[in-house]
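Shown below: data_34.cif, with mmCIF, C-alpha atoms and all ligand atoms.
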```cif
data_work
#
loop_
_atom_site.label_atom_id
_atom_site.label_comp_id
_atom_site.auth_asym_id
_atom_site.auth_seq_id
_atom_site.Cartn_x
_atom_site.Cartn_y
_atom_site.Cartn_z
CA MET B 26 223.68 33.32 92.17
CA GLN B 27 224.03 37.02 91.93
CA SER B 28 220.49 38.27 91.76
CA ALA B 29 218.55 39.89 94.55
CA LEU B 30 214.95 39.26 95.40
CA ILE B 31 213.34 42.06 97.32
CA VAL B 32 209.75 41.87 98.51
CA GLY B 33 207.92 45.14 99.05
CA LYS B 34 211.32 46.79 98.62
CA LYS B 35 212.63 45.17 101.79
CA ILE B 36 213.86 41.70 102.65
CA CYS B 37 210.78 39.90 103.88
CA SER B 38 211.12 38.02 107.14
CA SER B 39 207.91 35.99 107.01
CA LEU B 40 208.39 32.26 107.17
CA LEU B 41 206.47 31.81 103.93
CA LEU B 42 208.75 34.04 101.97
CA ARG B 43 212.02 33.47 103.77
CA ASN B 44 213.08 30.60 101.48
CA TRP B 45 212.43 32.83 98.58
CA VAL B 46 214.82 35.59 99.41
CA ARG B 47 218.14 34.82 97.86
CA PRO B 48 221.11 36.21 99.74
CA LEU B 49 223.08 38.94 98.05
CA SER B 50 226.71 39.01 97.32
CA ALA B 51 228.13 42.52 97.25
CA ALA B 52 225.45 44.88 95.89
CA SER B 53 227.63 45.93 92.97
CA ASP B 54 227.70 42.31 91.74
CA LYS B 55 223.97 42.09 91.07
CA LEU B 56 223.05 41.29 87.49
CA THR B 57 219.30 41.16 88.01
CA ASN B 58 217.11 42.63 90.66
CA VAL B 59 213.59 41.52 91.54
CA GLU B 60 211.20 43.74 93.42
CA VAL B 61 207.77 42.43 94.31
CA ASN B 62 205.02 44.87 95.12
CA ASP B 63 203.33 43.19 98.06
CA LYS B 64 200.03 44.96 97.41
CA THR B 65 199.64 43.99 93.75
CA GLY B 66 201.84 40.88 93.66
CA PHE B 67 203.54 42.22 90.50
CA ALA B 68 207.27 41.55 90.18
CA LYS B 69 209.68 43.90 88.43
CA LEU B 70 212.69 42.02 87.06
CA THR B 71 215.46 44.46 86.20
CA MET B 72 218.52 43.54 84.14
CA ASN B 73 221.59 45.30 85.47
CA ARG B 74 224.74 44.42 83.58
CA PRO B 75 226.35 47.68 82.42
CA PRO B 76 227.05 49.03 79.98
CA VAL B 77 224.53 47.37 77.64
CA ASN B 78 222.98 44.35 79.43
CA GLY B 79 224.89 42.03 77.11
CA LEU B 80 223.45 38.58 77.73
CA ASN B 81 226.44 36.58 78.91
CA LEU B 82 226.30 33.23 80.70
CA ASP B 83 226.09 34.83 84.16
CA LEU B 84 223.27 37.22 83.28
CA LEU B 85 221.34 34.44 81.56
CA ARG B 86 221.67 32.13 84.57
CA ASP B 87 220.61 34.95 86.83
CA LEU B 88 217.60 35.75 84.67
CA HIS B 89 216.57 32.11 84.65
CA GLN B 90 216.79 31.87 88.43
CA SER B 91 214.82 35.09 88.89
CA ILE B 92 212.05 33.99 86.50
CA GLN B 93 211.79 30.68 88.36
CA ASP B 94 211.65 32.47 91.73
CA ILE B 95 208.91 34.80 90.50
CA GLU B 96 206.97 31.81 89.25
CA LYS B 97 207.45 29.81 92.46
CA ASN B 98 206.24 32.73 94.55
CA LYS B 99 203.06 32.83 92.46
CA CYS B 100 203.48 36.49 91.61
CA ARG B 101 200.60 37.93 89.61
CA GLY B 102 202.75 39.48 86.91
CA LEU B 103 206.36 39.78 85.76
CA ILE B 104 207.65 43.00 84.19
CA LEU B 105 211.03 42.71 82.51
CA THR B 106 212.99 45.95 82.26
CA SER B 107 216.49 47.41 82.40
CA ALA B 108 218.48 49.47 84.88
CA SER B 109 220.08 51.36 81.98
CA ASN B 110 218.56 54.63 80.79
CA THR B 111 219.19 53.91 77.12
CA ILE B 112 219.58 50.15 76.57
CA PHE B 113 217.04 47.42 77.30
CA SER B 114 219.55 44.77 76.20
CA ALA B 115 222.17 44.70 73.44
CA GLY B 116 221.35 41.02 72.94
CA LEU B 117 223.80 38.18 73.28
CA ASP B 118 227.21 39.17 74.55
CA ILE B 119 229.29 38.62 71.43
CA MET B 120 232.33 37.96 73.59
CA GLU B 121 230.69 34.64 74.57
CA MET B 122 230.73 33.58 70.91
CA TYR B 123 234.04 35.03 69.75
CA LYS B 124 237.02 32.66 70.16
CA PRO B 125 234.94 30.74 72.69
CA ASP B 126 235.81 28.13 75.27
CA GLN B 127 233.87 25.16 73.87
CA GLU B 128 232.35 23.93 77.14
CA ARG B 129 231.26 27.44 78.14
CA LEU B 130 229.79 27.98 74.67
CA LYS B 131 227.47 24.99 75.21
CA GLN B 132 226.52 26.21 78.68
CA PHE B 133 225.86 29.67 77.27
CA TRP B 134 223.45 28.46 74.61
CA THR B 135 221.74 26.07 77.04
CA ALA B 136 221.27 28.99 79.46
CA LEU B 137 219.66 31.06 76.69
CA GLN B 138 217.34 28.18 75.82
CA ASP B 139 216.38 27.85 79.50
CA VAL B 140 215.63 31.57 79.83
CA TRP B 141 213.48 31.47 76.73
CA LEU B 142 211.60 28.34 77.85
CA ALA B 143 210.96 29.89 81.28
CA LEU B 144 209.89 33.29 79.98
CA TYR B 145 207.96 32.26 76.87
CA GLY B 146 206.21 29.49 78.79
CA SER B 147 205.74 31.36 82.06
CA ALA B 148 202.53 30.70 83.97
CA VAL B 149 202.76 34.23 85.33
CA PRO B 150 201.55 37.01 83.00
CA THR B 151 204.58 38.72 81.48
CA ALA B 152 205.26 42.17 80.06
CA ALA B 153 208.34 44.09 78.95
CA ALA B 154 208.93 47.76 79.74
CA ILE B 155 211.41 48.41 76.93
CA ASN B 156 213.27 51.45 78.15
CA GLY B 157 216.05 51.46 75.57
CA HIS B 158 217.49 49.83 72.45
CA SER B 159 216.59 46.19 72.11
CA PRO B 160 218.43 44.42 69.27
CA ALA B 161 218.55 40.65 68.65
CA GLY B 162 218.57 38.71 71.95
CA GLY B 163 217.13 41.80 73.66
CA CYS B 164 214.24 41.73 71.22
CA LEU B 165 213.85 37.98 71.79
CA LEU B 166 213.35 38.55 75.52
CA ALA B 167 210.84 41.35 74.96
CA ALA B 168 208.94 39.41 72.28
CA SER B 169 208.74 36.36 74.58
CA CYS B 170 206.59 38.41 76.95
CA GLU B 171 202.84 38.74 76.44
CA TYR B 172 202.83 42.55 76.26
CA ARG B 173 205.33 45.23 75.35
CA VAL B 174 205.49 48.93 76.18
CA MET B 175 208.37 50.86 74.63
CA LEU B 176 209.85 54.30 75.15
CA PRO B 177 210.21 56.55 72.08
CA LYS B 178 213.29 56.99 69.90
CA TYR B 179 214.82 53.57 70.44
CA THR B 180 215.17 50.59 68.14
CA ILE B 181 214.09 46.97 68.36
CA GLY B 182 214.36 43.96 66.06
CA LEU B 183 215.99 40.66 65.22
CA ASN B 184 218.96 41.93 63.20
CA GLU B 185 220.81 38.61 62.93
CA THR B 186 220.95 38.44 59.12
CA GLN B 187 222.67 41.84 59.10
CA LEU B 188 225.38 40.30 61.29
CA GLY B 189 225.77 37.29 59.00
CA ILE B 190 224.16 34.96 61.53
CA VAL B 191 220.97 32.95 61.36
CA ALA B 192 218.38 33.29 64.09
CA PRO B 193 217.36 29.82 65.30
CA LYS B 194 213.82 28.54 64.73
CA TRP B 195 212.62 29.41 68.22
CA PHE B 196 213.68 33.07 67.76
CA MET B 197 211.57 33.04 64.62
CA SER B 198 208.56 31.37 66.24
CA THR B 199 208.67 34.01 68.96
CA PHE B 200 208.44 36.70 66.29
CA ARG B 201 205.69 34.83 64.48
CA ASN B 202 203.71 34.66 67.71
CA VAL B 203 203.65 38.46 67.80
CA LEU B 204 203.67 39.55 64.15
CA PRO B 205 201.67 38.59 61.07
CA ARG B 206 203.64 35.92 59.20
CA ARG B 207 204.47 38.08 56.18
CA ILE B 208 205.77 40.95 58.29
CA ALA B 209 207.75 38.51 60.43
CA GLU B 210 209.32 36.97 57.31
CA GLN B 211 210.31 40.34 55.90
CA ALA B 212 211.63 41.61 59.21
CA LEU B 213 213.66 38.44 59.83
CA THR B 214 215.13 38.13 56.36
CA GLN B 215 216.02 41.84 56.25
CA GLY B 216 217.33 41.78 59.83
CA LYS B 217 215.34 44.96 60.25
CA MET B 218 215.63 47.17 63.29
CA PHE B 219 212.41 49.11 63.88
CA THR B 220 212.10 52.49 65.54
CA SER B 221 209.67 52.66 68.45
CA ASP B 222 207.04 54.25 66.18
CA GLU B 223 207.51 51.60 63.49
CA ALA B 224 207.40 48.82 66.09
CA LEU B 225 204.07 50.18 67.34
CA LYS B 226 202.71 50.39 63.82
CA ILE B 227 203.48 46.75 62.95
CA GLY B 228 202.41 45.46 66.39
CA LEU B 229 205.86 44.45 67.60
CA VAL B 230 205.10 46.60 70.64
CA ASP B 231 201.64 47.21 72.04
CA GLU B 232 202.01 50.75 73.38
CA LEU B 233 204.50 53.59 73.67
CA ALA B 234 205.15 55.44 76.92
CA ALA B 235 206.97 58.71 77.53
CA THR B 236 208.84 57.51 80.63
CA LYS B 237 209.87 54.25 82.26
CA GLU B 238 207.41 54.89 85.09
CA GLU B 239 204.59 55.25 82.59
CA ALA B 240 205.73 52.08 80.81
CA LEU B 241 205.66 50.16 84.10
CA LEU B 242 202.17 51.47 84.84
CA LYS B 243 200.95 50.41 81.41
CA CYS B 244 202.37 46.91 81.97
CA GLU B 245 200.54 46.79 85.30
CA LYS B 246 197.36 47.88 83.59
CA PHE B 247 197.79 44.97 81.19
CA PHE B 248 198.05 42.58 84.16
CA ALA B 249 194.96 44.19 85.69
CA SER B 250 193.05 43.23 82.54
CA PHE B 251 193.17 39.62 83.81
CA ALA B 252 191.40 40.52 87.06
CA LYS B 253 188.21 38.77 86.01
CA THR B 254 189.88 35.68 84.57
CA ASP B 255 190.76 32.48 86.35
CA PRO B 256 194.60 32.28 86.58
CA ILE B 257 194.72 28.57 85.79
CA ALA B 258 192.37 28.89 82.80
CA ARG B 259 194.42 31.88 81.65
CA TYR B 260 197.68 29.93 81.89
CA LEU B 261 196.34 26.79 80.22
CA THR B 262 195.08 28.92 77.33
CA LYS B 263 198.48 30.58 76.91
CA LYS B 264 200.20 27.21 77.27
CA GLN B 265 198.16 25.66 74.49
CA LEU B 266 198.76 28.61 72.18
CA ARG B 267 202.55 28.43 72.74
CA HIS B 268 202.77 24.64 73.06
CA ASN B 269 204.11 23.83 69.58
CA ASP B 270 206.91 26.41 69.75
CA ILE B 271 208.01 25.16 73.16
CA LYS B 272 207.75 21.48 72.22
CA GLU B 273 209.79 22.07 69.09
CA LEU B 274 212.71 23.38 71.12
CA LEU B 275 212.34 20.79 73.89
CA ASP B 276 212.43 18.01 71.29
CA GLU B 277 215.55 19.45 69.66
CA LYS B 278 217.30 21.05 72.63
CA VAL B 279 220.53 19.06 72.41
CA GLN B 280 220.65 19.22 68.62
CA ASP B 281 220.03 22.96 68.79
CA VAL B 282 223.10 23.39 71.03
CA GLU B 283 225.14 21.31 68.60
CA ASN B 284 223.91 23.39 65.63
CA PHE B 285 224.83 26.57 67.47
CA VAL B 286 228.31 25.33 68.41
CA LEU B 287 228.96 24.16 64.85
CA PHE B 288 227.73 27.42 63.37
CA VAL B 289 229.64 29.69 65.73
CA ASN B 290 232.91 27.80 65.21
CA GLN B 291 232.90 28.24 61.46
CA PRO B 292 235.90 30.36 60.46
CA SER B 293 233.70 32.72 58.42
CA VAL B 294 231.38 33.28 61.39
CA GLN B 295 234.36 33.88 63.71
CA LYS B 296 235.78 36.36 61.24
CA GLY B 297 232.44 38.17 61.00
CA LEU B 298 232.03 38.31 64.77
CA GLY B 299 235.58 39.67 65.15
CA LEU B 300 234.96 42.43 62.61
CA TYR B 301 231.64 43.29 64.21
CA LEU B 302 233.20 43.54 67.68
CA GLU B 303 235.91 45.79 66.26
CA SER B 304 233.32 48.04 64.65
CA LEU B 305 231.42 48.31 67.95
CA LYS B 306 234.61 49.20 69.80
CA LYS B 307 235.68 51.78 67.18
CA LYS B 308 232.22 53.34 67.41
CA ALA B 309 232.59 53.61 71.19
CA LYS B 310 235.90 55.55 70.87
C1 LIG G 401 221.10 26.04 58.57
C2 LIG G 401 220.76 26.96 59.69
C3 LIG G 401 221.36 26.49 60.98
C4 LIG G 401 221.05 27.51 62.05
C5 LIG G 401 221.61 27.06 63.30
C6 LIG G 401 221.39 28.09 64.36
C7 LIG G 401 222.72 28.59 64.79
C8 LIG G 401 222.57 29.77 65.72
C9 LIG G 401 223.43 30.93 65.29
C10 LIG G 401 223.65 31.94 66.32
C11 LIG G 401 222.49 32.80 66.53
C12 LIG G 401 222.86 33.88 67.47
C13 LIG G 401 221.74 34.81 67.66
C14 LIG G 401 222.33 36.10 68.11
C15 LIG G 401 221.68 36.91 68.86
C16 LIG G 401 222.29 38.15 69.36
O1 LIG G 401 221.74 38.76 70.24
S1 LIG G 401 223.78 38.69 68.71
C17 LIG G 401 224.05 40.30 69.40
C18 LIG G 401 223.41 41.33 68.55
N1 LIG G 401 223.51 42.61 69.15
C19 LIG G 401 223.80 43.71 68.44
O2 LIG G 401 223.99 43.68 67.25
C20 LIG G 401 223.88 45.00 69.21
C21 LIG G 401 225.22 45.60 69.12
N2 LIG G 401 225.33 46.79 69.91
C22 LIG G 401 224.81 47.98 69.54
O3 LIG G 401 224.17 48.12 68.52
C23 LIG G 401 225.05 49.12 70.46
O4 LIG G 401 226.09 48.78 71.32
C24 LIG G 401 223.81 49.52 71.30
C25 LIG G 401 223.21 48.32 72.01
C26 LIG G 401 222.77 50.18 70.42
C27 LIG G 401 224.26 50.52 72.38
O5 LIG G 401 224.88 51.62 71.77
P1 LIG G 401 225.73 52.63 72.69
O6 LIG G 401 224.95 53.05 73.86
O7 LIG G 401 226.24 53.67 71.78
O8 LIG G 401 226.89 51.73 73.29
P2 LIG G 401 228.21 51.24 72.54
O9 LIG G 401 229.25 52.30 72.70
O10 LIG G 401 227.90 50.79 71.17
O11 LIG G 401 228.61 49.94 73.40
C28 LIG G 401 229.16 50.04 74.70
C29 LIG G 401 230.11 48.89 74.89
O12 LIG G 401 229.38 47.66 74.82
C30 LIG G 401 229.94 46.83 73.80
N3 LIG G 401 228.84 46.03 73.19
C31 LIG G 401 227.72 46.51 72.67
N4 LIG G 401 226.92 45.49 72.27
C32 LIG G 401 227.57 44.36 72.56
C33 LIG G 401 227.27 42.96 72.39
N5 LIG G 401 226.10 42.53 71.86
N6 LIG G 401 228.16 42.06 72.81
C34 LIG G 401 229.34 42.45 73.35
N7 LIG G 401 229.70 43.76 73.54
C35 LIG G 401 228.82 44.69 73.15
C36 LIG G 401 230.60 47.80 72.84
O13 LIG G 401 231.59 47.13 72.10
C37 LIG G 401 231.18 48.81 73.80
O14 LIG G 401 232.33 48.18 74.39
P3 LIG G 401 233.58 49.03 74.86
O15 LIG G 401 234.12 49.72 73.64
O16 LIG G 401 234.54 48.02 75.42
O17 LIG G 401 233.05 50.00 75.89
#
```

Write out the structure in this file as structure tokens.
Ligand SMILES: CCCCCCCCCCCCC/C=C/C(=O)SCCNC(=O)CCNC(=O)[C@H](O)C(C)(C)COP(=O)(O)OP(=O)(O)OC[C@H]1O[C@@H](n2cnc3c(N)ncnc32)[C@H](O)[C@@H]1OP(=O)(O)O
Amino acid sequence: MQSALIVGKKICSSLLLRNWVRPLSAASDKLTNVEVNDKTGFAKLTMNRPPVNGLNLDLLRDLHQSIQDIEKNKCRGLILTSASNTIFSAGLDIMEMYKPDQERLKQFWTALQDVWLALYGSAVPTAAAINGHSPAGGCLLAASCEYRVMLPKYTIGLNETQLGIVAPKWFMSTFRNVLPRRIAEQALTQGKMFTSDEALKIGLVDELAATKEEALLKCEKFFASFAKTDPIARYLTKKQLRHNDIKELLDEKVQDVENFVLFVNQPSVQKGLGLYLESLKKKAK
């Protein structure tokens, strides 16, 4: 595993937490970083896969491990954010889907399912400090959290239909959990990317913040709003509200991987992905 867990910004030596600190490989290899504020118990989970936090198999596995660690340590809140100054996450790494190795393709989709199940169903309160663009899979991660604070002048949305791909049901249920059904339907069918202001207006994000620091503070303020609630009662309430979405994927997890593999391998989808990758690369030149 390549992620780092840092408690109070230093490796904690207490017996209780020792098991919890995962050893680092070389610092430059880290794909996620977890810092736990030992006063508040809030964990900041930072994605760090330059240039765009493309969600490849390694980043997804790392994210899953970090979410599980945060949960095991009974942190009082999880804030998901990005080390980049302009991108929260560019969504799924298209290279994982283009001319794929078939076994890795299955592992990739399973890893995404596991991240979603862990984040969407987390017992720990969750929030996203969206400090950059957040298309597709990036939007899925943010929308899986309970609260979102976004910086201005970026974009967020599930743009799959614009790419000629179909967002799976659990992407859609995540959107429906946040947005009124009619707005969710329009946004999903149009593959619409919303500006920060538009996202605030429709309720896709809860607040805007001028800086990342302010966004983090606003997420912490959201966690503080649970100060007078019982954590177990809070979690069981969230669990019941999200139960059907989670059960639907759990019941169809294997079939969902098969659907994905079948869909991605279609020649027309491969052609579309190839053209899209080319257009992204041309744009970068
Ligand atoms: C009957 C129904 C059955 C249904 C069954 C279900 C089947 C399931 C189907 C599959 C569903 C899949 C769901 C998909 C989800 C996704 O997340 S797909 C990914 C979508 N993402 C995007 O569209 C974002 C694309 N990227 C951008 O828009 C921009 O890059 C950016 C994020 C806004 C950043 O812009 P900028 O800072 O200008 O950086 P760039 O120069 O554009 O990019 C830098 C380099 O990064 C590469 N890159 C960018 N995004 C990706 C990506 N997603 N994957 C891979 N690579 C990416 C880009 O090419 C540049 O590369 P270099 O040129 O090599 O530097």

Hey, which bits of chain B sit within 6 Å of ligand LIG 401 (chain G), and for each residue what's the closest pair of atoms and how far apart in Å (one decimal), counting only C-alpha atoms and all ligand atoms, rows by chain and increasing number, as a Markdown table?
```
| residue | atom | partner | partner_atom | distance |
| --- | --- | --- | --- | --- |
| B:Pro76 | CA | G:LIG401 | C28 | 5.8 |
| B:Val77 | CA | G:LIG401 | O12 | 5.6 |
| B:Gly79 | CA | G:LIG401 | C33 | 5.4 |
| B:Ala115 | CA | G:LIG401 | C25 | 4.0 |
| B:Gly116 | CA | G:LIG401 | O1 | 3.5 |
| B:Leu117 | CA | G:LIG401 | O1 | 3.7 |
| B:Asp118 | CA | G:LIG401 | N6 | 3.5 |
| B:Ile119 | CA | G:LIG401 | N6 | 3.9 |
| B:Met120 | CA | G:LIG401 | C34 | 5.4 |
| B:His158 | CA | G:LIG401 | C26 | 5.7 |
| B:Pro160 | CA | G:LIG401 | N1 | 5.4 |
| B:Ala161 | CA | G:LIG401 | O1 | 4.0 |
| B:Gly162 | CA | G:LIG401 | O1 | 3.6 |
| B:Glu185 | CA | G:LIG401 | C14 | 6.0 |
| B:Ile190 | CA | G:LIG401 | C9 | 5.6 |
| B:Val191 | CA | G:LIG401 | C9 | 5.1 |
| B:Ala192 | CA | G:LIG401 | C11 | 4.8 |
| B:Pro193 | CA | G:LIG401 | C6 | 4.5 |
| B:Asn284 | CA | G:LIG401 | C5 | 4.9 |
| B:Phe285 | CA | G:LIG401 | C7 | 4.0 |
| B:Phe288 | CA | G:LIG401 | C7 | 5.3 |
| B:Leu302 | CA | G:LIG401 | O13 | 5.9 |
| B:Leu305 | CA | G:LIG401 | O13 | 4.3 |
| B:Lys306 | CA | G:LIG401 | O15 | 3.9 |
| B:Ala309 | CA | G:LIG401 | O9 | 3.9 |
```

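Between CA of Leu204 in chain B and CA of Phe67 in chain B the separation is 26.5 Å.
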
Original post:
Using all atoms listed in the file, which of the listed residues (B:Glu60, B:Glu245, B:Glu277, B:Asp94) sits closest to Pro150 in chain B?
Top reply: B:Glu245

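Closest approach to Phe133 in chain B among B:Ile257, B:Leu70, B:Leu80, B:Val59 is made by B:Leu80 (distances from only C-alpha atoms).
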
Subject >> From B:Phe219, B:Tyr179, B:Phe248, B:Phe200, residue lying nearest Phe113 in chain B [all atoms listed in the file] >> reply: B:Tyr179
